[in-house]
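A.B. asks: My questions all concern the structure below.
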Amino acid sequence: MESNKKEKSKLEIKSELISNDLSDLLGTLILILLIAGICGYVGYIYSKDNNLSISHGIIFGILFPLGVGLLELFDLNNFFCFILYTIVYIAIVNFIPTFVGGIILFLLILIFMIDYIYIEEKDRTEEINNIIAKNNIVSNKSYNYNTDVKEVYDKSDEYLTSSEPKIMEEEFECEMCFKKISEEEYETYDGMCEDCFMNVHIDDDGNYHDEEIF
Ligand SMILES: [Zn+2]
């Protein structure tokens with residue numbers, strides 16, 4: 001029963017991840033189609049006005065913004081690269097046969113289709129586990145809060161009923177693994193034991209991060 005529930009929420013998380021990725025892809029696709037349409041039209045007008053091959057004008061008009069997209073993909077999205085790309089593109093575009101442009105266009109469409117398949121088929125076990133672990137930590141924290149409040153309440157009750165006042169002994173435990181720790185450790189490591197604190201804040205390369213790493 002419990003594991004069924006877990007499996008169900010895993011599936012829900014998975015479909016959520018897929019739909020997020022797909023809507024990202026769809027957004028990019030619409031933007032690219034729009035820009036490619038405009039550039040294709042510009043190519044059409046240009047080649048018509050200058051008595052050049054119309055199909056050449058359309059195909060290379062469409063290819064120009066797709067090339068900009070590739071620069072983006074390779075993180076070359078600065079102004080210098082864009083200018084250089086534009087100059088090179090204009091310089092060589094008339095020397096590239098139309099069919100070569102057609103092949104490049106086909107390949108770029110293929111890349112998008114592969115991207116779509118990748119989103120559907122990608123192994124998301126690690127991503128899902130990370131999200132579940134995150135959720136667990138949140139619920140553990142609220143659980144701890146409730147038991148702490150209850151403990152204090154019980155202790156104050158004891159204190160009131162006993163004839164001799166008891167010295168309240170404070171116990172500290174790690175909020176991640178519930179190991180008993182000293183007050184000093186609790187204060188130093190943000191409510192965690194030293195090991196959990198290191199796991200949360202130090203990455204594989206040994207660098208400290210203020211934010212939690214999962
Ligand atoms: Zn711990």
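Residues in the structure tokens are numbered from 1 in each chain, the chains being A, B, ... in the order shown, and ligands are numbered from 1 in the order shown.
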Extract, using only C-alpha atoms, all DNA, RNA and protein residues at most 9 Å from Leu66 in chain A, discarding same-chain residues fewer than 6 positions from it, and format them as a VMD selection string.

C.D. replies: chain A and resid 32 35 to 36 105 108

A.B. asks: Determine, using only C-alpha atoms and all ligand atoms, which residues of chain A have any atom at most 6 Å from an atom of ligand 1, and tabulate each with its shortest atom pair and distance in Å to one decimal place, rows ordered by chain and then rising number, as a tab-separated table.

C.D. replies:
residue	atom	partner	partner_atom_place_in_ligand_line	distance
A:Cys174	CA	ligand 1	1 (Zn)	4.6
A:Met176	CA	ligand 1	1 (Zn)	4.9
A:Cys177	CA	ligand 1	1 (Zn)	4.1
A:Lys179	CA	ligand 1	1 (Zn)	5.7
A:Met192	CA	ligand 1	1 (Zn)	5.4
A:Cys193	CA	ligand 1	1 (Zn)	4.2
A:Asp195	CA	ligand 1	1 (Zn)	5.9
A:Cys196	CA	ligand 1	1 (Zn)	4.4

A.B. asks: Show which residues sit within 12 Å of Glu121 in chain A, as a short mmCIF file (atom, residue, chain, number, x, y, z; two decimals) with N, CA, C and O atoms, in the first residue's frame. Count only C-alpha atoms, and ignore same-chain residues fewer than 6 positions away.

C.D. replies:
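Okay, this is what ended up in around-v3.cif:
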data_model
loop_
_atom_site.label_atom_id
_atom_site.label_comp_id
_atom_site.auth_asym_id
_atom_site.auth_seq_id
_atom_site.Cartn_x
_atom_site.Cartn_y
_atom_site.Cartn_z
N LYS A 14 7.67 12.10 -12.49
CA LYS A 14 8.29 11.87 -13.78
C LYS A 14 7.51 12.57 -14.89
O LYS A 14 8.10 13.25 -15.73
N SER A 15 6.18 12.43 -14.88
CA SER A 15 5.40 13.04 -15.95
C SER A 15 5.46 14.56 -15.86
O SER A 15 5.43 15.26 -16.87
N LEU A 17 8.14 16.24 -14.81
CA LEU A 17 9.44 16.61 -15.37
C LEU A 17 9.40 16.60 -16.89
O LEU A 17 9.90 17.50 -17.55
N ILE A 18 8.76 15.55 -17.45
CA ILE A 18 8.68 15.43 -18.91
C ILE A 18 7.88 16.60 -19.49
O ILE A 18 8.29 17.22 -20.47
N ASP A 21 9.91 19.79 -19.51
CA ASP A 21 10.91 19.80 -20.58
C ASP A 21 10.25 20.00 -21.94
O ASP A 21 10.76 20.72 -22.79
N ILE A 114 15.47 14.38 -32.28
CA ILE A 114 16.24 13.59 -31.32
C ILE A 114 16.07 14.16 -29.91
O ILE A 114 15.92 13.43 -28.94
N ASP A 115 16.07 15.50 -29.83
CA ASP A 115 15.87 16.18 -28.56
C ASP A 115 14.54 15.78 -27.94
O ASP A 115 14.44 15.52 -26.75
#

A.B. asks: What is the distance, in Å and to one decimal place, between CA of Leu34 in chain A and CA of Val68 in chain A?

C.D. replies: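 Going from CA of Leu34 in chain A over to CA of Val68 in chain A covers 13.9 Å.
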
A.B. asks: Of the candidates A:Phe172, A:Tyr41, A:Phe197, A:Tyr186, which one gets nearest to Gly61 in chain A if we count only C-alpha atoms?

C.D. replies: A:Tyr41

A.B. asks: Write out as an MDAnalysis selection string the residues lying within 12 Å of Val93 in chain A, counting only C-alpha atoms and excluding same-chain residues fewer than 3 positions away.

C.D. replies: chainID A and resid 43 56:61 63:64 85:90 96:98 100:101

A.B. asks: If you measure from CA of Glu212 in chain A to CA of Asn199 in chain A, what distance in Å do you get, rounded to one decimal?

C.D. replies: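 Here the two named atoms are 8.9 Å from each other.
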